[in-house]
Amino acid sequence: MAISRVSIFVISLLALFASISASESSEVSDSKEFVLTLDHSNFSETIAKHDFILVEFYAPWCGHCKSLAPEYEKAASLLSSHDPPIALAKVDANEDSNKELASEYDVKGFPTLKIFRNGGKHIQEYKGPREAEGIVEYLKKQSGPASVEIKSADDATTFVGDDKVVIVGIFPEFSGEEYKNFLAVAEKLRSDYEFGHTTDAKLLPRGESSVTKPTIRLFKPFDELVVDFQDFQVDAVEKFIEESSVPTLTLFSKDPAHHPYVIKFFNSPNAKALLFMNFSIDFDSYKSKYEQVAAEYKSKGISFLLGDLDASQGALQYFGLKEDQVPLIIVQTNDGKKYVKDKVEPKQIASWIQEYTEGKLSPHRKSEAIPESNDEPVKVVVADTLEDIVFKSGKNVFLEFYAPWCGHCQKLAPILDEVAISFGNDADVIIAKLDATANDLPDDTFEVKGYPTLYFRSASGKIESYEGDRTKEDIIEFIQKNKDSATSATSATPATPATEESSAKDEL
C-alpha cells in the first residue's frame, strides 16, 4: 500500500495537531474490551449489522495508533451506554490477511478511521478529535440527523457559536426540492460541517432577518462572517460551501482552532503560498501585506497560509529550509516544484508573488549536503549528486529510496550492505541509497509512494522498479540478470524510463 510524499507531510501535520490538542491518555477502569476486533473473516458481516459504526485501520508498530488506543477504548466504553449504543471497531491493516481489506477502503496511512452507515452503504472519513471525550461528542452528532432544527434564538446562538463554520438552511416550510437538496448535501458533508435548518431567519444571530425564499446561510469566524446563497442545485451548494469555508489567509500555529482550516488549505487543489515567520516579531505588518496579496490572488488558483515559526519546524524540515532563513515565503505547485524567497520583507511579498505568476522564478531543490567521504559499501546519493551517480556514471545502479524512521528500511539496510559487498569487485555496479524525506526527487523518473522504494537503472539507461523479495539472494539475482557491461552500455541507446506505476510492498 502506498502513500505520496505530499500526503506524508499532511499526515505529519495532522499528527502534530493531535499531539497539541490531545490530553494525557487515561486508562479504562473496566478490563472488558469495548472496541470490536475485526478482520477479513468477519468484517462484512459485522458492518452489515450496524446502522452506524466507526472503524480504525491500524498497524501494531504505529506510534500514533498506540497513542490513540486507550482513548479509543475509553470512547467505546462511554458510547456503549448511549441510546442507541454506538459501536467502535478496529482492524489490524498490517496483517497480511487484512491488506486486501485495507486496500478496498483506501487506507493510505495509520491510523485511518472511517464511519460506516446503513450497513456499509455509505462510508465517510472520520475527521473528529483523537481524545476520548472529543470522539464521544463527535460521534453523537454524527449518529444523529444530518441537519438539526433550530427552533429558538437560544438554539441558534448555541449552534452557530463564534469559532466554527456552520451552515443553516432557511425555508418557509420543510418540504420541496430546495429542502430535499439541502438535506442531501448535509448528509454528504456532515463529517466536515455542522448543518441546521429553520423557518425563521430572525432567530439567527447574524445576517439579514427578512428572508422571503429558501436561502443557505453560511456562518464563519473569519472574513465576512456570514454569506448567503440561493442556488439549490446540489453541485452548486457543495461548491459554495467548500469555497466559502476557506479563509482568504489561513493561519498556522499551535492554536487548535486553526486546525480545520490548515487541513483544508493542504487539501486544496490550488498552488500553495506559505509565509513562515516569528509571530512575536512584526506580525501585523507582515499579516497586513500578505492579506492584501492573498485577496488579490484568491481567484487565481493560489491559496495562502501564514505560519508561526514556533509551530512550523516540521514544515521547514519538509521543505529543507532552516530557521535562520525566516521570514521566508514558499510557493509549492501541484507538480511538486517549490519556489523560495528567504529573509523576505513585507514590501517584497507582492512583487515576488507577481514574479512567480509571470514565470520569472527558478525552482528551489531540496538536497542534503554532499558527503565529504562516500566509501561505505552502499553509496549515499543526495539530490545534488543524483545526476552524476545515477544518470551519468555509466554504471548499473540499484537505488533505495528510504526514510530514516521507516522500520522496513532499517531491516533492509544490512541486506543492502551484503549485496554491495558481494559486488565489491564489479566496477559496473553501484548499490546506493537516498533519503527521500530530505531530498527532492525528479517525479517524472521515480515514483516514490512508500518506503522503501527500490529502483534499478542499467548502464544503458533502462529504469525499472524492483518488486522482488527483499533478500540478499533475490536482489543479487535481479541485478545479475538486468545489468549491462560498461562496454555494451557505451554503444547502447538510452532507454526511456519505465512508465508502469511502482508501488511499495509494505505499509508505512
# chains A, B, ... in the order shown; residues from 1 in each chain; ligands from 1
$ select_by_dssp --residues "range 59-207 of chain A" --states "helix (DSSP H, G or I)" --output "ChimeraX atom specification"
/A:63-79,96-104,118-120,132-143,153-160,176-189,201-203
$ select_by_dssp --residues "range 216-439 of chain A" --states "strand (DSSP E)" --output "VMD selection string"
chain A and resid 216 to 219 226 to 229 250 to 252 271 to 277 302 to 308 328 to 332 338 to 341 379 to 380 396 to 402 429 to 435
$ atom_distance --atom1 "CA of Gly63 in chain A" --atom2 "CA of Ser77 in chain A"
22.3 Å
$ residues_around --residues "range 412-417 of chain A" --least-positions-apart "2" --cutoff "12 Å" --atoms "only C-alpha atoms" --output "mmCIF file with N, CA, C and O atoms, in the first residue's frame"
data_model
loop_
_atom_site.group_PDB
_atom_site.id
_atom_site.type_symbol
_atom_site.label_atom_id
_atom_site.label_comp_id
_atom_site.auth_asym_id
_atom_site.auth_seq_id
_atom_site.Cartn_x
_atom_site.Cartn_y
_atom_site.Cartn_z
ATOM 1 N N GLU A 376 31.517 3.861 2.075
ATOM 2 C CA GLU A 376 30.817 2.699 2.596
ATOM 3 C C GLU A 376 30.331 1.840 1.427
ATOM 4 O O GLU A 376 30.231 2.323 0.292
ATOM 5 N N PRO A 377 30.055 0.543 1.674
ATOM 6 C CA PRO A 377 29.602 -0.328 0.573
ATOM 7 C C PRO A 377 28.389 0.233 -0.176
ATOM 8 O O PRO A 377 28.347 0.211 -1.408
ATOM 9 N N VAL A 378 27.372 0.727 0.577
ATOM 10 C CA VAL A 378 26.208 1.352 -0.047
ATOM 11 C C VAL A 378 26.474 2.846 -0.154
ATOM 12 O O VAL A 378 26.679 3.521 0.861
ATOM 13 N N LYS A 379 26.495 3.361 -1.350
ATOM 14 C CA LYS A 379 26.845 4.760 -1.574
ATOM 15 C C LYS A 379 25.663 5.682 -1.252
ATOM 16 O O LYS A 379 24.520 5.350 -1.534
ATOM 17 N N PHE A 398 21.589 0.200 -8.423
ATOM 18 C CA PHE A 398 20.443 -0.280 -7.651
ATOM 19 C C PHE A 398 20.236 0.728 -6.530
ATOM 20 O O PHE A 398 21.085 0.869 -5.652
ATOM 21 N N LEU A 399 19.115 1.461 -6.560
ATOM 22 C CA LEU A 399 18.929 2.623 -5.697
ATOM 23 C C LEU A 399 17.733 2.442 -4.774
ATOM 24 O O LEU A 399 16.615 2.166 -5.228
ATOM 25 N N GLU A 400 17.977 2.638 -3.482
ATOM 26 C CA GLU A 400 16.909 2.586 -2.478
ATOM 27 C C GLU A 400 16.494 3.999 -2.102
ATOM 28 O O GLU A 400 17.328 4.831 -1.755
ATOM 29 N N PHE A 401 15.180 4.265 -2.140
ATOM 30 C CA PHE A 401 14.614 5.486 -1.581
ATOM 31 C C PHE A 401 14.036 5.112 -0.215
ATOM 32 O O PHE A 401 13.152 4.255 -0.129
ATOM 33 N N TYR A 402 14.541 5.764 0.834
ATOM 34 C CA TYR A 402 14.173 5.347 2.184
ATOM 35 C C TYR A 402 13.803 6.545 3.046
ATOM 36 O O TYR A 402 13.964 7.709 2.664
ATOM 37 N N ALA A 403 13.275 6.242 4.242
ATOM 38 C CA ALA A 403 13.025 7.247 5.275
ATOM 39 C C ALA A 403 13.752 6.785 6.537
ATOM 40 O O ALA A 403 13.684 5.602 6.877
ATOM 41 N N PRO A 404 14.431 7.683 7.235
ATOM 42 C CA PRO A 404 15.208 7.269 8.419
ATOM 43 C C PRO A 404 14.364 6.582 9.482
ATOM 44 O O PRO A 404 14.852 5.710 10.198
ATOM 45 N N CYS A 406 11.703 4.692 8.989
ATOM 46 C CA CYS A 406 10.973 3.539 8.443
ATOM 47 C C CYS A 406 11.572 2.216 8.946
ATOM 48 O O CYS A 406 12.742 1.916 8.690
ATOM 49 N N GLY A 407 10.766 1.420 9.655
ATOM 50 C CA GLY A 407 11.234 0.147 10.184
ATOM 51 C C GLY A 407 11.643 -0.825 9.106
ATOM 52 O O GLY A 407 12.644 -1.550 9.246
ATOM 53 N N HIS A 408 10.904 -0.869 7.998
ATOM 54 C CA HIS A 408 11.244 -1.779 6.900
ATOM 55 C C HIS A 408 12.569 -1.378 6.240
ATOM 56 O O HIS A 408 13.333 -2.240 5.801
ATOM 57 N N CYS A 409 12.828 -0.068 6.194
ATOM 58 C CA CYS A 409 14.103 0.410 5.642
ATOM 59 C C CYS A 409 15.268 -0.013 6.544
ATOM 60 O O CYS A 409 16.333 -0.422 6.066
ATOM 61 N N GLN A 410 15.062 0.092 7.846
ATOM 62 C CA GLN A 410 16.097 -0.301 8.794
ATOM 63 C C GLN A 410 16.397 -1.800 8.689
ATOM 64 O O GLN A 410 17.546 -2.224 8.792
ATOM 65 N N VAL A 419 24.636 -7.051 -0.145
ATOM 66 C CA VAL A 419 24.566 -7.022 -1.611
ATOM 67 C C VAL A 419 25.708 -6.186 -2.172
ATOM 68 O O VAL A 419 26.386 -6.580 -3.130
ATOM 69 N N ALA A 420 25.938 -5.015 -1.578
ATOM 70 C CA ALA A 420 27.002 -4.126 -2.060
ATOM 71 C C ALA A 420 28.370 -4.782 -1.922
ATOM 72 O O ALA A 420 29.219 -4.680 -2.831
ATOM 73 N N ILE A 421 28.593 -5.473 -0.813
ATOM 74 C CA ILE A 421 29.883 -6.147 -0.606
ATOM 75 C C ILE A 421 30.080 -7.246 -1.652
ATOM 76 O O ILE A 421 31.182 -7.445 -2.178
ATOM 77 N N SER A 422 28.994 -7.938 -1.993
ATOM 78 C CA SER A 422 29.103 -9.019 -2.987
ATOM 79 C C SER A 422 29.473 -8.493 -4.369
ATOM 80 O O SER A 422 30.044 -9.217 -5.184
ATOM 81 N N PHE A 423 29.142 -7.209 -4.642
ATOM 82 C CA PHE A 423 29.504 -6.600 -5.924
ATOM 83 C C PHE A 423 30.745 -5.706 -5.790
ATOM 84 O O PHE A 423 31.013 -4.884 -6.665
ATOM 85 N N GLY A 424 31.484 -5.893 -4.701
ATOM 86 C CA GLY A 424 32.637 -5.025 -4.440
ATOM 87 C C GLY A 424 33.689 -5.054 -5.526
ATOM 88 O O GLY A 424 34.393 -4.053 -5.741
ATOM 89 N N ILE A 430 26.734 -0.260 -8.851
ATOM 90 C CA ILE A 430 26.691 0.591 -7.660
ATOM 91 C C ILE A 430 25.411 0.278 -6.890
ATOM 92 O O ILE A 430 24.321 0.232 -7.475
ATOM 93 N N ILE A 431 25.531 0.052 -5.598
ATOM 94 C CA ILE A 431 24.381 -0.066 -4.708
ATOM 95 C C ILE A 431 24.319 1.246 -3.931
ATOM 96 O O ILE A 431 25.309 1.659 -3.310
ATOM 97 N N ALA A 432 23.169 1.921 -3.963
ATOM 98 C CA ALA A 432 23.092 3.272 -3.401
ATOM 99 C C ALA A 432 21.777 3.473 -2.661
ATOM 100 O O ALA A 432 20.833 2.698 -2.807
ATOM 101 N N LYS A 433 21.733 4.530 -1.868
ATOM 102 C CA LYS A 433 20.526 4.869 -1.118
ATOM 103 C C LYS A 433 20.362 6.383 -1.087
ATOM 104 O O LYS A 433 21.332 7.134 -1.118
ATOM 105 N N LEU A 434 19.098 6.828 -1.025
ATOM 106 C CA LEU A 434 18.778 8.254 -0.979
ATOM 107 C C LEU A 434 17.656 8.468 0.035
ATOM 108 O O LEU A 434 16.632 7.786 -0.035
ATOM 109 N N TYR A 451 7.917 3.673 1.552
ATOM 110 C CA TYR A 451 9.303 3.398 1.917
ATOM 111 C C TYR A 451 9.453 1.962 2.417
ATOM 112 O O TYR A 451 8.613 1.497 3.180
ATOM 113 N N PRO A 452 10.508 1.247 2.019
ATOM 114 C CA PRO A 452 11.463 1.655 0.985
ATOM 115 C C PRO A 452 10.890 1.420 -0.421
ATOM 116 O O PRO A 452 10.093 0.518 -0.622
ATOM 117 N N THR A 453 11.324 2.232 -1.367
ATOM 118 C CA THR A 453 11.043 2.011 -2.780
ATOM 119 C C THR A 453 12.379 1.751 -3.464
ATOM 120 O O THR A 453 13.353 2.482 -3.230
ATOM 121 N N LEU A 454 12.434 0.736 -4.306
ATOM 122 C CA LEU A 454 13.693 0.302 -4.927
ATOM 123 C C LEU A 454 13.604 0.415 -6.445
ATOM 124 O O LEU A 454 12.622 -0.024 -7.046
ATOM 125 N N ASP A 469 11.455 -10.063 -3.926
ATOM 126 C CA ASP A 469 11.652 -10.251 -2.487
ATOM 127 C C ASP A 469 12.899 -9.505 -2.032
ATOM 128 O O ASP A 469 13.878 -9.363 -2.782
ATOM 129 N N ARG A 470 12.869 -9.080 -0.790
ATOM 130 C CA ARG A 470 13.978 -8.264 -0.268
ATOM 131 C C ARG A 470 14.982 -9.125 0.485
ATOM 132 O O ARG A 470 15.297 -8.902 1.653
ATOM 133 N N THR A 471 15.460 -10.130 -0.208
ATOM 134 C CA THR A 471 16.525 -10.964 0.323
ATOM 135 C C THR A 471 17.804 -10.699 -0.457
ATOM 136 O O THR A 471 17.753 -10.245 -1.616
ATOM 137 N N LYS A 472 18.923 -10.982 0.164
ATOM 138 C CA LYS A 472 20.211 -10.784 -0.496
ATOM 139 C C LYS A 472 20.263 -11.565 -1.811
ATOM 140 O O LYS A 472 20.661 -11.025 -2.860
ATOM 141 N N GLU A 473 19.806 -12.815 -1.771
ATOM 142 C CA GLU A 473 19.906 -13.677 -2.952
ATOM 143 C C GLU A 473 19.034 -13.168 -4.105
ATOM 144 O O GLU A 473 19.485 -13.137 -5.267
ATOM 145 N N ASP A 474 17.803 -12.747 -3.785
ATOM 146 C CA ASP A 474 16.899 -12.287 -4.845
ATOM 147 C C ASP A 474 17.367 -10.984 -5.475
ATOM 148 O O ASP A 474 17.263 -10.787 -6.685
ATOM 149 N N ILE A 475 17.881 -10.071 -4.659
ATOM 150 C CA ILE A 475 18.353 -8.791 -5.192
ATOM 151 C C ILE A 475 19.580 -9.007 -6.072
ATOM 152 O O ILE A 475 19.702 -8.440 -7.169
ATOM 153 N N ILE A 476 20.501 -9.854 -5.606
ATOM 154 C CA ILE A 476 21.704 -10.138 -6.410
ATOM 155 C C ILE A 476 21.318 -10.782 -7.741
ATOM 156 O O ILE A 476 21.830 -10.403 -8.810
#
$ closest_atom_pairs --of "range 386-458 of chain A" --to "range 334-352 of chain A" --cutoff "12 Å" --atoms "only C-alpha atoms" --output "Markdown table"
| residue | atom | partner | partner_atom | distance |
| --- | --- | --- | --- | --- |
| A:Asp440 | CA | A:Gly336 | CA | 8.9 |
| A:Leu441 | CA | A:Gly336 | CA | 9.2 |
| A:Pro442 | CA | A:Gly336 | CA | 9.2 |
| A:Asp443 | CA | A:Gly336 | CA | 7.8 |
| A:Asp444 | CA | A:Asp335 | CA | 9.7 |
$ write_last_selection --atoms "all heavy atoms" --output "PDB file, in the first residue's frame"
ATOM      1  N   ASP A 440      14.716  16.345  -2.737  1.00  0.00           N
ATOM      2  CA  ASP A 440      13.703  16.376  -3.780  1.00  0.00           C
ATOM      3  C   ASP A 440      14.068  15.397  -4.886  1.00  0.00           C
ATOM      4  O   ASP A 440      15.249  15.225  -5.220  1.00  0.00           O
ATOM      5  CB  ASP A 440      13.577  17.788  -4.364  1.00  0.00           C
ATOM      6  CG  ASP A 440      12.794  18.723  -3.445  1.00  0.00           C
ATOM      7  OD1 ASP A 440      12.001  18.213  -2.634  1.00  0.00           O
ATOM      8  OD2 ASP A 440      12.995  19.951  -3.524  1.00  0.00           O
ATOM      9  N   LEU A 441      13.036  14.795  -5.464  1.00  0.00           N
ATOM     10  CA  LEU A 441      13.243  13.785  -6.498  1.00  0.00           C
ATOM     11  C   LEU A 441      12.650  14.241  -7.822  1.00  0.00           C
ATOM     12  O   LEU A 441      11.677  14.997  -7.827  1.00  0.00           O
ATOM     13  CB  LEU A 441      12.575  12.467  -6.097  1.00  0.00           C
ATOM     14  CG  LEU A 441      12.877  11.941  -4.692  1.00  0.00           C
ATOM     15  CD1 LEU A 441      12.097  10.655  -4.455  1.00  0.00           C
ATOM     16  CD2 LEU A 441      14.353  11.711  -4.516  1.00  0.00           C
ATOM     17  N   PRO A 442      13.207  13.776  -8.929  1.00  0.00           N
ATOM     18  CA  PRO A 442      12.577  14.051 -10.230  1.00  0.00           C
ATOM     19  C   PRO A 442      11.350  13.171 -10.396  1.00  0.00           C
ATOM     20  O   PRO A 442      11.442  11.980 -10.688  1.00  0.00           O
ATOM     21  CB  PRO A 442      13.679  13.689 -11.234  1.00  0.00           C
ATOM     22  CG  PRO A 442      14.532  12.685 -10.516  1.00  0.00           C
ATOM     23  CD  PRO A 442      14.466  13.030  -9.055  1.00  0.00           C
ATOM     24  N   ASP A 443      10.160  13.743 -10.190  1.00  0.00           N
ATOM     25  CA  ASP A 443       8.925  12.963 -10.187  1.00  0.00           C
ATOM     26  C   ASP A 443       8.623  12.318 -11.532  1.00  0.00           C
ATOM     27  O   ASP A 443       7.842  11.367 -11.612  1.00  0.00           O
ATOM     28  CB  ASP A 443       7.743  13.847  -9.766  1.00  0.00           C
ATOM     29  CG  ASP A 443       7.820  14.244  -8.299  1.00  0.00           C
ATOM     30  OD1 ASP A 443       8.439  13.492  -7.528  1.00  0.00           O
ATOM     31  OD2 ASP A 443       7.273  15.297  -7.948  1.00  0.00           O
ATOM     32  N   ASP A 444       9.214  12.855 -12.620  1.00  0.00           N
ATOM     33  CA  ASP A 444       8.942  12.275 -13.929  1.00  0.00           C
ATOM     34  C   ASP A 444       9.768  11.011 -14.171  1.00  0.00           C
ATOM     35  O   ASP A 444       9.587  10.327 -15.168  1.00  0.00           O
ATOM     36  CB  ASP A 444       9.232  13.303 -15.034  1.00  0.00           C
ATOM     37  CG  ASP A 444      10.670  13.814 -14.990  1.00  0.00           C
ATOM     38  OD1 ASP A 444      11.334  13.643 -13.949  1.00  0.00           O
ATOM     39  OD2 ASP A 444      11.125  14.392 -15.998  1.00  0.00           O
TER      40      ASP A 444
END
$ residues_around --residues "Tyr72 in chain A" --least-positions-apart "5" --cutoff "8 Å" --atoms "only C-alpha atoms" --output "PyMOL selection string"
chain A and resi 35+88+130-132+135
$ write_last_selection --atoms "C-alpha atoms" --output "compact mmCIF listing (two decimals), in the first residue's frame"
# COMPACT_ATOMS: atom_id res chain seq x y z
CA VAL A 35 -13.70 -1.99 20.85
CA LEU A 88 -16.29 1.25 17.62
CA ARG A 130 -8.46 11.87 18.75
CA GLU A 131 -9.13 12.02 22.51
CA ALA A 132 -11.95 10.13 24.23
CA ILE A 135 -14.55 11.25 19.96
$ decode --residues "range 84-153 of chain A" --atoms "C-alpha atoms" --output "PDB file, in the first residue's frame"
ATOM      1  CA  PRO A  84     -28.788   3.587  20.956  1.00  0.00           C
ATOM      2  CA  PRO A  85     -25.237   2.214  21.563  1.00  0.00           C
ATOM      3  CA  ILE A  86     -22.550   3.403  19.140  1.00  0.00           C
ATOM      4  CA  ALA A  87     -20.035   0.742  18.129  1.00  0.00           C
ATOM      5  CA  LEU A  88     -16.291   1.247  17.619  1.00  0.00           C
ATOM      6  CA  ALA A  89     -14.136  -1.376  15.907  1.00  0.00           C
ATOM      7  CA  LYS A  90     -10.547  -1.886  14.790  1.00  0.00           C
ATOM      8  CA  VAL A  91      -8.730  -3.785  12.047  1.00  0.00           C
ATOM      9  CA  ASP A  92      -5.030  -4.664  12.002  1.00  0.00           C
ATOM     10  CA  ALA A  93      -4.367  -3.448   8.455  1.00  0.00           C
ATOM     11  CA  ASN A  94      -0.729  -4.526   8.680  1.00  0.00           C
ATOM     12  CA  GLU A  95      -1.758  -8.177   8.899  1.00  0.00           C
ATOM     13  CA  ASP A  96      -1.245  -9.840   5.515  1.00  0.00           C
ATOM     14  CA  SER A  97      -4.709 -11.396   5.527  1.00  0.00           C
ATOM     15  CA  ASN A  98      -6.284  -7.938   6.035  1.00  0.00           C
ATOM     16  CA  LYS A  99      -4.287  -5.953   3.460  1.00  0.00           C
ATOM     17  CA  GLU A 100      -6.815  -6.560   0.698  1.00  0.00           C
ATOM     18  CA  LEU A 101      -9.496  -5.210   3.033  1.00  0.00           C
ATOM     19  CA  ALA A 102      -7.418  -2.118   3.785  1.00  0.00           C
ATOM     20  CA  SER A 103      -6.804  -1.577   0.083  1.00  0.00           C
ATOM     21  CA  GLU A 104     -10.540  -1.852  -0.634  1.00  0.00           C
ATOM     22  CA  TYR A 105     -11.203   1.023   1.757  1.00  0.00           C
ATOM     23  CA  ASP A 106      -8.306   3.176   0.535  1.00  0.00           C
ATOM     24  CA  VAL A 107      -6.248   3.041   3.719  1.00  0.00           C
ATOM     25  CA  LYS A 108      -3.108   5.079   2.979  1.00  0.00           C
ATOM     26  CA  GLY A 109      -1.734   5.781   6.425  1.00  0.00           C
ATOM     27  CA  PHE A 110      -2.145   4.875  10.061  1.00  0.00           C
ATOM     28  CA  PRO A 111      -4.369   5.264  11.884  1.00  0.00           C
ATOM     29  CA  THR A 112      -7.187   5.688   9.353  1.00  0.00           C
ATOM     30  CA  LEU A 113     -10.712   5.973  10.795  1.00  0.00           C
ATOM     31  CA  LYS A 114     -13.881   5.603   8.747  1.00  0.00           C
ATOM     32  CA  ILE A 115     -17.569   5.866   9.590  1.00  0.00           C
ATOM     33  CA  PHE A 116     -19.790   3.182   8.050  1.00  0.00           C
ATOM     34  CA  ARG A 117     -23.506   3.991   7.824  1.00  0.00           C
ATOM     35  CA  ASN A 118     -26.553   1.929   6.867  1.00  0.00           C
ATOM     36  CA  GLY A 119     -24.791  -1.409   6.914  1.00  0.00           C
ATOM     37  CA  GLY A 120     -21.814  -0.055   4.971  1.00  0.00           C
ATOM     38  CA  LYS A 121     -23.804   1.529   2.149  1.00  0.00           C
ATOM     39  CA  HIS A 122     -22.333   4.938   2.972  1.00  0.00           C
ATOM     40  CA  ILE A 123     -18.735   5.469   4.101  1.00  0.00           C
ATOM     41  CA  GLN A 124     -17.150   8.705   5.331  1.00  0.00           C
ATOM     42  CA  GLU A 125     -13.777   9.709   6.676  1.00  0.00           C
ATOM     43  CA  TYR A 126     -13.691  10.352  10.411  1.00  0.00           C
ATOM     44  CA  LYS A 127     -12.487  13.932  10.845  1.00  0.00           C
ATOM     45  CA  GLY A 128     -13.037  14.449  14.546  1.00  0.00           C
ATOM     46  CA  PRO A 129     -10.819  14.635  17.641  1.00  0.00           C
ATOM     47  CA  ARG A 130      -8.458  11.873  18.753  1.00  0.00           C
ATOM     48  CA  GLU A 131      -9.127  12.022  22.508  1.00  0.00           C
ATOM     49  CA  ALA A 132     -11.950  10.128  24.228  1.00  0.00           C
ATOM     50  CA  GLU A 133     -14.326  12.952  25.144  1.00  0.00           C
ATOM     51  CA  GLY A 134     -13.952  14.561  21.724  1.00  0.00           C
ATOM     52  CA  ILE A 135     -14.553  11.252  19.959  1.00  0.00           C
ATOM     53  CA  VAL A 136     -17.704  10.718  22.008  1.00  0.00           C
ATOM     54  CA  GLU A 137     -19.174  14.155  21.277  1.00  0.00           C
ATOM     55  CA  TYR A 138     -18.292  13.983  17.596  1.00  0.00           C
ATOM     56  CA  LEU A 139     -19.853  10.556  17.126  1.00  0.00           C
ATOM     57  CA  LYS A 140     -23.009  11.530  18.995  1.00  0.00           C
ATOM     58  CA  LYS A 141     -23.521  14.339  16.485  1.00  0.00           C
ATOM     59  CA  GLN A 142     -22.595  12.137  13.541  1.00  0.00           C
ATOM     60  CA  SER A 143     -25.031   9.402  14.574  1.00  0.00           C
ATOM     61  CA  GLY A 144     -27.948  11.845  14.768  1.00  0.00           C
ATOM     62  CA  PRO A 145     -29.738  13.670  11.938  1.00  0.00           C
ATOM     63  CA  ALA A 146     -27.563  15.302   9.280  1.00  0.00           C
ATOM     64  CA  SER A 147     -29.243  18.669   9.944  1.00  0.00           C
ATOM     65  CA  VAL A 148     -30.842  19.763  13.234  1.00  0.00           C
ATOM     66  CA  GLU A 149     -33.864  22.016  13.502  1.00  0.00           C
ATOM     67  CA  ILE A 150     -33.284  25.440  15.073  1.00  0.00           C
ATOM     68  CA  LYS A 151     -36.432  26.402  16.992  1.00  0.00           C
ATOM     69  CA  SER A 152     -35.319  29.357  19.128  1.00  0.00           C
ATOM     70  CA  ALA A 153     -32.789  32.173  19.350  1.00  0.00           C
TER      71      ALA A 153
END
